[in-house]
file work-v1.csv (CSV, C-alpha atoms and all ligand atoms)
chain,number,residue,atom,x,y,z
A,291,MET,CA,-78.4,92.8,120.5
A,292,LYS,CA,-76.2,95.8,121.5
A,293,LYS,CA,-76.4,97.6,118.2
A,294,ALA,CA,-79.5,98.3,116.0
A,295,THR,CA,-80.4,100.6,113.1
A,296,ALA,CA,-83.9,101.8,112.3
A,297,ILE,CA,-85.4,103.9,109.5
A,298,ALA,CA,-88.5,106.0,110.2
A,299,PRO,CA,-90.6,108.2,107.9
A,300,ALA,CA,-91.8,111.7,108.6
A,301,ASN,CA,-95.6,112.1,108.5
A,302,ILE,CA,-98.0,114.7,107.5
A,303,ALA,CA,-101.1,115.3,109.7
A,304,PHE,CA,-104.4,115.8,107.9
A,305,ILE,CA,-106.1,116.5,111.3
A,306,LYS,CA,-103.5,118.1,113.4
A,307,TYR,CA,-102.1,118.0,116.9
A,308,TRP,CA,-101.7,121.5,118.4
A,309,GLY,CA,-102.0,121.9,122.1
A,310,LYS,CA,-101.2,119.4,124.9
A,311,ARG,CA,-103.2,118.5,128.0
A,312,ASP,CA,-100.0,117.2,129.6
A,313,GLU,CA,-96.7,118.7,128.6
A,314,ASN,CA,-94.4,116.1,130.1
A,315,LEU,CA,-96.2,113.1,128.9
A,316,ARG,CA,-97.0,114.8,125.6
A,317,LEU,CA,-100.7,113.9,125.8
A,318,PRO,CA,-102.5,115.8,123.1
A,319,MET,CA,-105.7,117.9,123.5
A,320,ASN,CA,-107.2,116.0,120.5
A,321,SER,CA,-106.8,112.9,118.4
A,322,SER,CA,-105.1,113.3,115.0
A,323,VAL,CA,-104.8,111.6,111.6
A,324,SER,CA,-101.8,111.4,109.3
A,325,MET,CA,-100.0,109.7,106.5
A,326,ASN,CA,-96.4,108.5,106.5
A,327,LEU,CA,-94.1,110.0,103.8
A,328,SER,CA,-92.0,107.9,101.5
A,329,ASN,CA,-89.3,110.4,100.7
A,330,ILE,CA,-88.5,112.1,104.0
A,331,PHE,CA,-86.9,109.8,106.6
A,332,THR,CA,-84.3,109.4,109.3
A,333,LYS,CA,-81.9,106.6,109.7
A,334,THR,CA,-80.6,106.1,113.2
A,335,THR,CA,-78.1,103.6,114.7
A,336,VAL,CA,-77.9,103.1,118.5
A,337,GLU,CA,-75.1,101.1,120.1
A,338,PHE,CA,-74.7,100.6,123.8
A,339,LEU,CA,-71.0,100.6,124.7
A,340,PRO,CA,-69.8,99.7,128.2
A,341,HIS,CA,-66.7,101.9,127.9
A,342,LEU,CA,-68.6,105.1,127.4
A,343,THR,CA,-68.9,107.5,130.3
A,344,ARG,CA,-71.6,109.6,128.6
A,345,ASP,CA,-73.9,109.3,125.7
A,346,GLU,CA,-72.5,110.4,122.3
A,347,ILE,CA,-74.9,111.9,119.8
A,348,ILE,CA,-73.8,112.4,116.3
A,349,PHE,CA,-75.8,114.0,113.5
A,350,MET,CA,-74.2,113.0,110.2
A,351,GLY,CA,-73.4,116.1,108.1
A,352,GLU,CA,-75.2,118.5,110.4
A,353,LYS,CA,-74.7,120.6,113.5
A,354,THR,CA,-76.8,119.9,116.6
A,355,THR,CA,-77.6,122.2,119.5
A,356,GLU,CA,-77.1,121.2,123.1
A,357,LYS,CA,-80.9,121.3,123.6
A,358,GLU,CA,-81.5,118.8,120.8
A,359,LYS,CA,-78.8,116.5,122.3
A,360,GLU,CA,-80.4,116.7,125.8
A,361,ARG,CA,-83.8,115.8,124.4
A,362,ILE,CA,-82.3,112.7,122.8
A,363,ILE,CA,-80.4,111.7,126.0
A,364,LYS,CA,-83.6,112.1,127.9
A,365,HIS,CA,-85.2,109.6,125.5
A,366,LEU,CA,-82.2,107.2,125.9
A,367,GLU,CA,-82.9,107.4,129.7
A,368,ARG,CA,-86.5,106.3,129.1
A,369,ILE,CA,-85.2,103.3,127.1
A,370,ARG,CA,-82.5,102.4,129.7
A,371,LYS,CA,-85.1,102.5,132.5
A,372,ARG,CA,-87.3,100.2,130.6
A,373,ALA,CA,-84.5,97.8,129.8
A,374,ARG,CA,-83.0,98.1,133.3
A,375,ILE,CA,-79.6,98.9,132.0
A,376,LYS,CA,-77.1,101.7,132.8
A,377,THR,CA,-74.8,101.5,129.7
A,378,LYS,CA,-74.3,104.7,127.8
A,379,ALA,CA,-74.9,104.7,124.1
A,380,ARG,CA,-73.5,106.1,120.8
A,381,VAL,CA,-76.3,107.4,118.6
A,382,VAL,CA,-75.6,108.2,115.0
A,383,THR,CA,-78.4,109.7,113.0
A,384,LYS,CA,-78.8,110.9,109.4
A,385,ASN,CA,-81.7,112.7,107.8
A,386,ASN,CA,-82.1,112.2,104.1
A,387,PHE,CA,-82.8,116.0,104.0
A,388,PRO,CA,-80.8,118.4,106.1
A,389,LYS,CA,-82.6,120.0,109.0
A,390,ALA,CA,-82.1,123.3,107.3
A,391,THR,CA,-84.6,122.5,104.6
A,392,GLY,CA,-87.4,122.4,107.3
A,393,LEU,CA,-88.1,118.9,106.2
A,394,ALA,CA,-86.3,116.8,108.7
A,395,SER,CA,-88.8,116.2,111.5
A,396,SER,CA,-88.7,115.3,115.1
A,397,ALA,CA,-91.4,112.7,114.3
A,398,ALA,CA,-89.0,110.7,112.1
A,399,GLY,CA,-86.1,111.3,114.4
A,400,PHE,CA,-87.8,110.0,117.6
A,401,ALA,CA,-89.6,107.2,115.9
A,402,ALA,CA,-86.2,105.9,114.6
A,403,LEU,CA,-84.5,106.5,117.9
A,404,THR,CA,-87.3,104.6,119.7
A,405,LEU,CA,-87.0,101.5,117.6
A,406,ALA,CA,-83.2,101.4,117.2
A,407,GLY,CA,-82.7,102.2,120.9
A,408,THR,CA,-85.1,99.6,122.3
A,409,ALA,CA,-83.9,96.9,119.9
A,410,ALA,CA,-80.2,97.7,120.8
A,411,ALA,CA,-81.2,97.5,124.5
A,412,GLY,CA,-82.6,94.0,123.9
A,413,LEU,CA,-86.2,94.9,124.2
A,414,LYS,CA,-88.9,93.5,121.9
A,415,LEU,CA,-91.8,96.0,122.1
A,416,SER,CA,-95.1,95.8,120.3
A,417,LYS,CA,-96.1,98.5,117.8
A,418,LYS,CA,-98.4,99.9,120.5
A,419,GLU,CA,-95.6,100.1,123.1
A,420,LEU,CA,-93.2,101.6,120.6
A,421,SER,CA,-95.8,104.2,119.7
A,422,VAL,CA,-96.4,105.2,123.4
A,423,LEU,CA,-92.7,105.5,124.0
A,424,ALA,CA,-92.0,107.5,120.8
A,425,ARG,CA,-94.8,109.9,121.8
A,426,LEU,CA,-92.8,110.7,125.0
A,427,GLY,CA,-90.0,111.9,122.8
A,428,SER,CA,-92.1,113.9,120.3
A,429,GLY,CA,-95.9,113.7,120.1
A,430,SER,CA,-96.1,113.4,116.3
A,431,ALA,CA,-93.4,110.6,116.4
A,432,CYS,CA,-96.0,108.1,117.7
A,433,ARG,CA,-97.6,108.4,114.3
A,434,SER,CA,-94.4,107.4,112.4
A,435,ILE,CA,-94.5,103.9,114.1
A,436,PRO,CA,-97.5,102.2,112.3
A,437,ASP,CA,-97.7,101.8,108.5
A,438,GLY,CA,-99.6,104.0,106.0
A,439,PHE,CA,-102.5,106.1,107.1
A,440,VAL,CA,-102.6,106.5,110.9
A,441,GLU,CA,-104.8,107.6,113.7
A,442,TRP,CA,-103.3,108.8,117.1
A,443,LYS,CA,-106.1,108.5,119.6
A,444,LYS,CA,-105.8,111.1,122.4
A,445,GLY,CA,-106.5,108.4,125.0
A,446,ILE,CA,-107.3,108.8,128.6
A,447,SER,CA,-103.8,108.1,130.0
A,448,SER,CA,-100.2,107.6,128.8
A,449,LEU,CA,-100.8,104.0,128.0
A,450,THR,CA,-103.9,104.6,125.9
A,451,SER,CA,-102.5,107.5,123.9
A,452,TYR,CA,-100.8,106.0,120.9
A,453,ALA,CA,-101.2,105.6,117.1
A,454,ARG,CA,-102.4,102.7,115.0
A,455,MET,CA,-102.8,102.0,111.3
A,456,LEU,CA,-106.1,102.9,109.7
A,457,PHE,CA,-105.2,101.8,106.2
A,458,PRO,CA,-102.0,100.3,104.7
A,459,PRO,CA,-99.9,102.5,102.3
A,460,GLU,CA,-101.3,100.9,99.2
A,461,TYR,CA,-104.9,101.5,100.2
A,462,TRP,CA,-105.1,104.9,98.6
A,463,ASP,CA,-102.9,106.3,95.8
A,464,ILE,CA,-102.6,109.9,97.0
A,465,ARG,CA,-99.5,112.0,97.0
A,466,ASP,CA,-98.0,114.7,99.1
A,467,ILE,CA,-95.8,117.1,97.1
A,468,VAL,CA,-93.8,119.1,99.7
A,469,VAL,CA,-93.1,122.6,98.5
A,470,ILE,CA,-90.1,124.2,100.3
A,471,VAL,CA,-90.4,127.9,100.2
A,472,GLY,CA,-88.2,128.9,103.1
A,473,LYS,CA,-85.4,127.2,105.1
A,474,GLU,CA,-84.6,129.6,107.9
A,475,LYS,CA,-84.9,128.0,111.3
A,476,LYS,CA,-88.3,128.3,112.9
A,477,LYS,CA,-88.5,131.2,115.4
A,478,VAL,CA,-91.0,129.3,117.5
A,479,SER,CA,-90.5,125.5,117.8
A,480,SER,CA,-93.6,123.3,117.8
A,481,SER,CA,-93.0,122.4,121.4
A,482,GLU,CA,-93.1,126.1,122.3
A,483,GLY,CA,-96.1,126.7,120.0
A,484,HIS,CA,-98.1,123.9,121.7
A,485,LYS,CA,-97.8,125.8,125.0
A,486,LEU,CA,-99.1,129.0,123.5
A,487,ALA,CA,-102.2,127.4,121.8
A,488,PRO,CA,-104.5,127.8,124.9
A,489,THR,CA,-103.9,131.6,124.8
A,490,SER,CA,-105.9,131.9,121.6
A,491,SER,CA,-109.5,132.8,122.3
A,492,PHE,CA,-110.4,130.4,119.5
A,493,PHE,CA,-108.7,127.4,121.0
A,494,LYS,CA,-111.7,126.1,123.0
A,495,THR,CA,-113.9,126.3,119.9
A,496,ARG,CA,-111.2,124.4,117.9
A,497,ILE,CA,-110.9,121.7,120.5
A,498,SER,CA,-114.7,121.2,120.7
A,499,SER,CA,-114.8,120.3,117.0
A,500,MET,CA,-111.7,118.0,116.8
A,501,GLU,CA,-113.1,114.5,117.6
A,502,SER,CA,-115.9,114.9,115.1
A,503,LYS,CA,-113.4,116.1,112.5
A,504,VAL,CA,-111.4,113.0,113.1
A,505,LYS,CA,-114.5,110.9,112.6
A,506,THR,CA,-115.4,112.6,109.4
A,507,ILE,CA,-111.9,112.3,107.9
A,508,LYS,CA,-111.9,108.6,108.7
A,509,ARG,CA,-115.2,108.1,106.9
A,510,LEU,CA,-114.0,110.1,103.9
A,511,MET,CA,-110.8,108.1,103.7
A,512,LYS,CA,-112.7,104.8,104.0
A,513,GLU,CA,-114.9,105.8,101.1
A,514,ARG,CA,-112.0,107.4,99.2
A,515,ARG,CA,-114.0,110.6,98.7
A,516,PHE,CA,-111.0,112.7,97.6
A,517,ALA,CA,-112.6,116.2,97.0
A,518,GLU,CA,-114.4,116.3,100.4
A,519,PHE,CA,-111.3,114.9,102.1
A,520,GLY,CA,-109.2,117.6,100.5
A,521,GLU,CA,-111.6,120.4,101.5
A,522,LEU,CA,-111.5,119.2,105.0
A,523,ILE,CA,-107.8,118.9,105.4
A,524,GLU,CA,-107.3,122.4,103.9
A,525,LYS,CA,-109.8,123.9,106.3
A,526,GLU,CA,-108.2,122.1,109.2
A,527,ALA,CA,-104.7,123.5,108.4
A,528,ILE,CA,-106.2,127.1,108.2
A,529,ASN,CA,-108.0,126.5,111.5
A,530,MET,CA,-104.7,125.4,113.2
A,531,HIS,CA,-102.8,128.4,111.7
A,532,THR,CA,-105.6,130.7,113.0
A,533,ILE,CA,-104.9,129.5,116.5
A,534,MET,CA,-101.2,130.1,115.9
A,535,MET,CA,-101.8,133.7,114.6
A,536,THR,CA,-104.1,134.6,117.5
A,537,SER,CA,-102.0,133.2,120.3
A,538,SER,CA,-100.1,135.6,122.6
A,539,PRO,CA,-97.6,136.3,121.4
A,540,PRO,CA,-98.8,135.5,117.9
A,541,ILE,CA,-97.0,133.0,115.7
A,542,PHE,CA,-97.0,133.6,111.9
A,543,TYR,CA,-95.3,130.7,110.2
A,544,TRP,CA,-96.4,131.6,106.6
A,545,LEU,CA,-94.2,133.6,104.2
A,546,PRO,CA,-95.6,135.6,101.3
A,547,LYS,CA,-94.7,132.7,99.0
A,548,THR,CA,-96.9,130.4,101.2
A,549,LEU,CA,-99.9,132.6,100.5
A,550,GLU,CA,-99.0,133.0,96.8
A,551,ILE,CA,-99.0,129.2,96.4
A,552,MET,CA,-102.3,128.8,98.4
A,553,ARG,CA,-104.0,131.2,96.0
A,554,GLY,CA,-102.5,129.4,93.0
A,555,ILE,CA,-104.0,126.1,94.3
A,556,TRP,CA,-107.4,127.7,94.6
A,557,GLU,CA,-107.2,128.9,91.0
A,558,TRP,CA,-106.0,125.5,89.7
A,559,ARG,CA,-109.0,124.0,91.5
A,560,GLU,CA,-111.4,126.3,89.8
A,561,GLY,CA,-109.8,125.2,86.6
A,562,GLY,CA,-110.6,121.5,87.5
A,563,LEU,CA,-107.3,120.3,89.0
A,564,GLU,CA,-108.0,118.5,92.2
A,565,VAL,CA,-105.2,119.6,94.5
A,566,TYR,CA,-105.4,120.7,98.2
A,567,PHE,CA,-102.8,121.9,100.7
A,568,THR,CA,-102.0,121.5,104.3
A,569,ILE,CA,-99.2,123.2,106.3
A,570,ASP,CA,-97.5,122.3,109.6
A,571,ALA,CA,-95.5,124.6,111.9
A,572,GLY,CA,-93.5,126.3,109.2
A,573,PRO,CA,-93.9,128.1,105.8
A,574,ASN,CA,-93.7,125.0,103.6
A,575,LEU,CA,-96.8,123.6,101.9
A,576,HIS,CA,-97.8,120.0,101.5
A,577,LEU,CA,-99.8,119.6,98.3
A,578,ILE,CA,-102.2,116.7,98.4
A,579,CYS,CA,-103.4,115.2,95.1
A,580,GLN,CA,-104.3,111.9,93.6
A,581,GLY,CA,-101.6,109.8,91.9
A,582,LYS,CA,-103.1,110.5,88.4
A,583,ASP,CA,-102.7,114.3,88.9
A,584,GLU,CA,-99.2,114.3,90.4
A,585,LYS,CA,-97.4,115.2,87.1
A,586,LYS,CA,-99.8,118.0,86.3
A,587,VAL,CA,-99.3,119.5,89.8
A,588,LEU,CA,-95.5,119.2,89.5
A,589,LEU,CA,-95.6,120.9,86.0
A,590,ARG,CA,-97.5,123.9,87.4
A,591,LEU,CA,-95.3,124.2,90.5
A,592,GLU,CA,-92.2,124.2,88.3
A,593,LYS,CA,-93.4,127.4,86.6
A,594,ILE,CA,-93.5,129.3,90.0
A,595,LYS,CA,-90.4,131.3,90.7
A,596,GLY,CA,-88.8,131.2,94.1
A,597,ILE,CA,-89.6,127.6,95.2
A,598,ARG,CA,-86.5,126.1,96.7
A,599,LYS,CA,-87.3,122.4,96.4
A,600,LEU,CA,-90.1,120.0,95.6
A,601,VAL,CA,-90.3,116.7,97.3
A,602,PRO,CA,-93.0,114.3,96.0
A,603,ASN,CA,-94.1,111.5,98.4
A,604,ARG,CA,-96.3,108.5,98.4
A,605,PRO,CA,-97.9,106.9,101.4
A,606,SER,CA,-95.2,104.8,103.2
A,607,LYS,CA,-94.8,102.1,105.8
A,608,GLY,CA,-93.9,103.1,109.3
A,609,VAL,CA,-90.6,102.5,111.2
A,610,TYR,CA,-88.5,99.4,110.6
A,611,LEU,CA,-85.2,97.8,111.5
A,612,VAL,CA,-82.5,97.2,108.9
A,613,LYS,CA,-79.8,94.6,109.3
A,614,THR,CA,-76.8,96.6,107.9
A,615,HIS,CA,-75.5,99.3,110.1
A,616,PRO,CA,-74.2,102.3,108.1
A,617,PHE,CA,-72.4,103.8,111.1
B,701,LIG,C1,-97.9,121.3,113.6
B,701,LIG,O1,-94.9,116.6,117.5
B,701,LIG,O2,-93.4,118.4,116.8
B,701,LIG,O3,-96.7,119.4,113.0
B,701,LIG,O4,-94.7,116.8,120.9
B,701,LIG,O5,-93.6,119.0,121.2
B,701,LIG,O6,-92.5,117.3,119.8
B,701,LIG,P1,-93.8,117.9,120.3
B,701,LIG,O7,-94.5,118.5,119.0
B,701,LIG,P2,-94.6,118.0,117.5
B,701,LIG,O8,-95.9,118.8,117.0
B,701,LIG,C2,-96.3,118.7,115.7
B,701,LIG,C3,-97.2,119.8,115.3
B,701,LIG,C4,-97.7,119.9,113.9
B,701,LIG,C5,-99.0,119.1,113.7
B,701,LIG,C6,-99.0,117.6,113.6
B,701,LIG,O9,-98.0,117.0,113.1
B,701,LIG,O10,-100.0,117.0,114.0
call {"tool": "encode", "arguments": {"input": "work-v1.csv", "output": "structure tokens", "more": "lines below"}}
Ligand code: DP6
result
Amino acid sequence: MKKATAIAPANIAFIKYWGKRDENLRLPMNSSVSMNLSNIFTKTTVEFLPHLTRDEIIFMGEKTTEKEKERIIKHLERIRKRARIKTKARVVTKNNFPKATGLASSAAGFAALTLAGTAAAGLKLSKKELSVLARLGSGSACRSIPDGFVEWKKGISSLTSYARMLFPPEYWDIRDIVVIVGKEKKKVSSSEGHKLAPTSSFFKTRISSMESKVKTIKRLMKERRFAEFGELIEKEAINMHTIMMTSSPPIFYWLPKTLEIMRGIWEWREGGLEVYFTIDAGPNLHLICQGKDEKKVLLRLEKIKGIRKLVPNRPSKGVYLVKTHPF
């Protein structure tokens, strides 16, 4: 095969990855747990073409920076090395949401690039091998390889730090309603943010609690104890943002709207609506609720002024190949 197309979902971490123990290998300080998202994904076609003298990277309908292109080319180099080929490639990629929404993630992008690239290069990698390779492109991308609910074990080396499925998508009918409150480009990318994490005086304390948090969340998921699960993921998001806010220099990803919605959620909970939030490296919130409550949560959100977009998600499968090439 010289040409392949893959689709990969973004994922939301319930227990987060913030801080690396090896920057080049993207080895995390701690294990993390996430869910793949059904409505935020990237489709990527990779074609190795002998006549090319350099790699061509095309983002459909969007601008790319040189830095983004270089990161993709570096990943193509990893794939070429593994396949023992030298041929340059054309990469065409399309997010179902523009990058400017703050939704399109490096996780979906590098997961799709890893599968499409290796398949086009004639490699047949296992899910584990794909996850290890995707991790080298972007840490969180390793979690977009397996299906459904996923654990990325921090491992003891590059080959043992990868993600695997905990439960399939249909295991638990929970939803993630993504609330877009701001779309300006992040001032501090997550790759930069990871580097600052150890400068927070709270970082050591955070890291010492992570493996036990992972254990607890897995138990709560196994027993489908939604309220305790929700409380834990919310605390975990606040814990990570505390590290960000106390780094030097400090990083504040929240906007006033972020806090307004957080307070709204706490009020709704007091009124009996079971909804919780988590937030990644940006101002947007991910509202986690059970399938039966999704409509109620959406109705309440629609009454709040100043929200730019709502994107409801179900748990989704991980990366997969498609036979028709759009590009
Ligand atoms: C806050 O995976 O984007 O979303 O490995 O440098 O590409 P790199 O970082 P990235 O970090 C994700 C950080 C996070 C938390 C998470 O998804 O676990």
call {"tool": "closest_atom_pairs", "arguments": {"input": "work-v1.csv", "of": "chain A", "to": "ligand LIG 701 (chain B)", "cutoff": "6 Å", "atoms": "all atoms listed in the file", "output": "JSON lines"}}
result
{"residue": "A:Ala303", "atom": "CA", "partner": "B:LIG701", "partner_atom": "O10", "distance": 4.8}
{"residue": "A:Lys306", "atom": "CA", "partner": "B:LIG701", "partner_atom": "O10", "distance": 3.7}
{"residue": "A:Tyr307", "atom": "CA", "partner": "B:LIG701", "partner_atom": "O10", "distance": 3.7}
{"residue": "A:Trp308", "atom": "CA", "partner": "B:LIG701", "partner_atom": "C3", "distance": 5.7}
{"residue": "A:Arg316", "atom": "CA", "partner": "B:LIG701", "partner_atom": "O4", "distance": 5.6}
{"residue": "A:Ser396", "atom": "CA", "partner": "B:LIG701", "partner_atom": "O2", "distance": 5.9}
{"residue": "A:Ser428", "atom": "CA", "partner": "B:LIG701", "partner_atom": "O6", "distance": 3.5}
{"residue": "A:Gly429", "atom": "CA", "partner": "B:LIG701", "partner_atom": "O4", "distance": 3.4}
{"residue": "A:Ser430", "atom": "CA", "partner": "B:LIG701", "partner_atom": "O1", "distance": 3.6}
{"residue": "A:Ser480", "atom": "CA", "partner": "B:LIG701", "partner_atom": "O2", "distance": 5.0}
{"residue": "A:Ser481", "atom": "CA", "partner": "B:LIG701", "partner_atom": "O5", "distance": 3.5}
{"residue": "A:Asp570", "atom": "CA", "partner": "B:LIG701", "partner_atom": "C1", "distance": 4.1}
{"residue": "A:Ala571", "atom": "CA", "partner": "B:LIG701", "partner_atom": "C1", "distance": 4.4}
call {"tool": "closest_residue", "arguments": {"input": "work-v1.csv", "among": "A:Val440, A:Ile578, A:Met350, A:Ile297", "to": "Arg465 of chain A", "atoms": "all atoms listed in the file"}}
result
A:Ile578
call {"tool": "atom_distance", "arguments": {"input": "work-v1.csv", "atom1": "atom CA of Tyr566 of chain A", "atom2": "atom CA of Asp437 of chain A"}}
result
22.9 Å
call {"tool": "atom_distance", "arguments": {"input": "work-v1.csv", "atom1": "atom CA of Leu420 of chain A", "atom2": "atom CA of Trp442 of chain A"}}
result
12.9 Å
call {"tool": "closest_residue", "arguments": {"input": "work-v1.csv", "among": "A:Gly562, A:Pro540, A:Gly392, A:Gly438", "to": "Ala453 of chain A", "atoms": "only C-alpha atoms"}}
result
A:Gly438
call {"tool": "atom_distance", "arguments": {"input": "work-v1.csv", "atom1": "atom CA of Asp583 of chain A", "atom2": "atom CA of Leu563 of chain A"}}
result
7.6 Å
call {"tool": "residues_around", "arguments": {"input": "work-v1.csv", "residues": "Ser491 of chain A", "least_positions_apart": "5", "cutoff": "10 Å", "atoms": "all atoms listed in the file", "output": "PyMOL selection string"}}
result
chain A and resi 496+533+536-538
call {"tool": "write_last_selection", "arguments": {"input": "work-v1.csv", "atoms": "C-alpha atoms", "output": "compact mmCIF listing (two decimals), in the coordinates of the input"}}
result
# COMPACT_ATOMS: atom_id res chain seq x y z
CA ARG A 496 -111.20 124.40 117.90
CA ILE A 533 -104.90 129.50 116.50
CA THR A 536 -104.10 134.60 117.50
CA SER A 537 -102.00 133.20 120.30
CA SER A 538 -100.10 135.60 122.60
call {"tool": "closest_atom_pairs", "arguments": {"input": "work-v1.csv", "of": "segment 388-501 of chain A", "to": "segment 358-363 of chain A", "cutoff": "12 Å", "atoms": "all atoms listed in the file", "output": "CSV"}}
result
residue,atom,partner,partner_atom,distance
A:Lys389,CA,A:Glu358,CA,11.9
A:Ser396,CA,A:Glu358,CA,9.8
A:Gly399,CA,A:Ile362,CA,9.3
A:Phe400,CA,A:Ile362,CA,8.0
A:Ala401,CA,A:Ile362,CA,11.5
A:Ala402,CA,A:Ile362,CA,11.3
A:Leu403,CA,A:Ile362,CA,8.2
A:Thr404,CA,A:Ile362,CA,10.0
A:Gly407,CA,A:Ile362,CA,10.7
A:Ala424,CA,A:Ile362,CA,11.2
A:Leu426,CA,A:Arg361,CA,10.4
A:Gly427,CA,A:Arg361,CA,7.5
A:Ser428,CA,A:Arg361,CA,9.5
A:Ser479,CA,A:Glu358,CA,11.6
A:Ser481,CA,A:Arg361,CA,11.7
call {"tool": "write_last_selection", "arguments": {"input": "work-v1.csv", "atoms": "C-alpha atoms", "output": "short mmCIF file (atom, residue, chain, number, x, y, z; two decimals), in the frame of the given file"}}
result
data_model
loop_
_atom_site.label_atom_id
_atom_site.label_comp_id
_atom_site.auth_asym_id
_atom_site.auth_seq_id
_atom_site.Cartn_x
_atom_site.Cartn_y
_atom_site.Cartn_z
CA LYS A 389 -82.60 120.00 109.00
CA SER A 396 -88.70 115.30 115.10
CA GLY A 399 -86.10 111.30 114.40
CA PHE A 400 -87.80 110.00 117.60
CA ALA A 401 -89.60 107.20 115.90
CA ALA A 402 -86.20 105.90 114.60
CA LEU A 403 -84.50 106.50 117.90
CA THR A 404 -87.30 104.60 119.70
CA GLY A 407 -82.70 102.20 120.90
CA ALA A 424 -92.00 107.50 120.80
CA LEU A 426 -92.80 110.70 125.00
CA GLY A 427 -90.00 111.90 122.80
CA SER A 428 -92.10 113.90 120.30
CA SER A 479 -90.50 125.50 117.80
CA SER A 481 -93.00 122.40 121.40
#
call {"tool": "residues_around", "arguments": {"input": "work-v1.csv", "residues": "Lys384 of chain A", "least_positions_apart": "4", "cutoff": "10 Å", "atoms": "only C-alpha atoms", "output": "list in words"}}
result
Ile297, Phe331, Thr332, Lys333, Thr334, Thr335, Ile348, Phe349, Met350, Gly351, Glu352, Pro388, Lys389, Ala394, Gly399, Pro616 and Phe617 of chain A
call {"tool": "closest_residue", "arguments": {"input": "work-v1.csv", "among": "A:Cys579, A:Ile551, A:Ile569, A:Ile464", "to": "Gly596 of chain A", "atoms": "all atoms listed in the file"}}
result
A:Ile551
call {"tool": "closest_residue", "arguments": {"input": "work-v1.csv", "among": "A:Lys364, A:Arg553, A:Arg370, A:Arg380", "to": "Thr295 of chain A", "atoms": "all atoms listed in the file"}}
result
A:Arg380
call {"tool": "closest_residue", "arguments": {"input": "work-v1.csv", "among": "A:Lys357, A:Arg433, A:Lys512, A:His484", "to": "Ala298 of chain A", "atoms": "only C-alpha atoms"}}
result
A:Arg433
call {"tool": "closest_residue", "arguments": {"input": "work-v1.csv", "among": "A:Leu545, A:Leu315, A:Ile470, A:Ala390", "to": "Asn574 of chain A", "atoms": "only C-alpha atoms"}}
result
A:Ile470
call {"tool": "residues_around", "arguments": {"input": "work-v1.csv", "residues": "segment 372-379 of chain A", "least_positions_apart": "2", "cutoff": "7 Å", "atoms": "all atoms listed in the file", "output": "ChimeraX atom specification"}}
result
/A:336-340,342-346,368-370,381,411,413
call {"tool": "residues_around", "arguments": {"input": "work-v1.csv", "residues": "Arg509 of chain A", "least_positions_apart": "5", "cutoff": "12 Å", "atoms": "only C-alpha atoms", "output": "PyMOL selection string"}}
result
chain A and resi 323+456-457+502-504+514-516+518-519+522
call {"tool": "decode", "arguments": {"input": "work-v1.csv", "residues": "segment 446-476 of chain A", "atoms": "C-alpha atoms", "output": "PDB file, in the first residue's frame"}}
result
ATOM      1  CA  ILE A 446       9.148   2.187  32.647  1.00  0.00           C
ATOM      2  CA  SER A 447      10.488   2.772  29.124  1.00  0.00           C
ATOM      3  CA  SER A 448       9.336   3.900  25.690  1.00  0.00           C
ATOM      4  CA  LEU A 449       8.105   0.421  24.778  1.00  0.00           C
ATOM      5  CA  THR A 450       6.044   0.062  27.948  1.00  0.00           C
ATOM      6  CA  SER A 451       4.411   3.506  27.885  1.00  0.00           C
ATOM      7  CA  TYR A 452       1.273   3.106  25.768  1.00  0.00           C
ATOM      8  CA  ALA A 453      -2.504   3.125  26.009  1.00  0.00           C
ATOM      9  CA  ARG A 454      -4.932   0.241  26.071  1.00  0.00           C
ATOM     10  CA  MET A 455      -8.701  -0.118  26.189  1.00  0.00           C
ATOM     11  CA  LEU A 456     -10.286  -0.393  29.631  1.00  0.00           C
ATOM     12  CA  PHE A 457     -13.900  -0.633  28.422  1.00  0.00           C
ATOM     13  CA  PRO A 458     -15.479  -0.517  24.952  1.00  0.00           C
ATOM     14  CA  PRO A 459     -17.482   2.593  23.920  1.00  0.00           C
ATOM     15  CA  GLU A 460     -20.863   0.980  24.619  1.00  0.00           C
ATOM     16  CA  TYR A 461     -19.834  -0.002  28.161  1.00  0.00           C
ATOM     17  CA  TRP A 462     -21.106   3.187  29.772  1.00  0.00           C
ATOM     18  CA  ASP A 463     -23.588   5.680  28.343  1.00  0.00           C
ATOM     19  CA  ILE A 464     -21.936   8.868  29.463  1.00  0.00           C
ATOM     20  CA  ARG A 465     -21.628  12.036  27.415  1.00  0.00           C
ATOM     21  CA  ASP A 466     -19.157  14.847  27.040  1.00  0.00           C
ATOM     22  CA  ILE A 467     -20.754  18.142  26.001  1.00  0.00           C
ATOM     23  CA  VAL A 468     -17.914  20.407  24.959  1.00  0.00           C
ATOM     24  CA  VAL A 469     -18.676  24.049  25.691  1.00  0.00           C
ATOM     25  CA  ILE A 470     -16.636  26.430  23.555  1.00  0.00           C
ATOM     26  CA  VAL A 471     -16.240  29.749  25.315  1.00  0.00           C
ATOM     27  CA  GLY A 472     -13.160  31.126  23.589  1.00  0.00           C
ATOM     28  CA  LYS A 473     -11.354  30.482  20.360  1.00  0.00           C
ATOM     29  CA  GLU A 474      -8.267  32.593  20.422  1.00  0.00           C
ATOM     30  CA  LYS A 475      -5.057  30.606  19.987  1.00  0.00           C
ATOM     31  CA  LYS A 476      -3.566  29.335  23.253  1.00  0.00           C
TER      32      LYS A 476
END
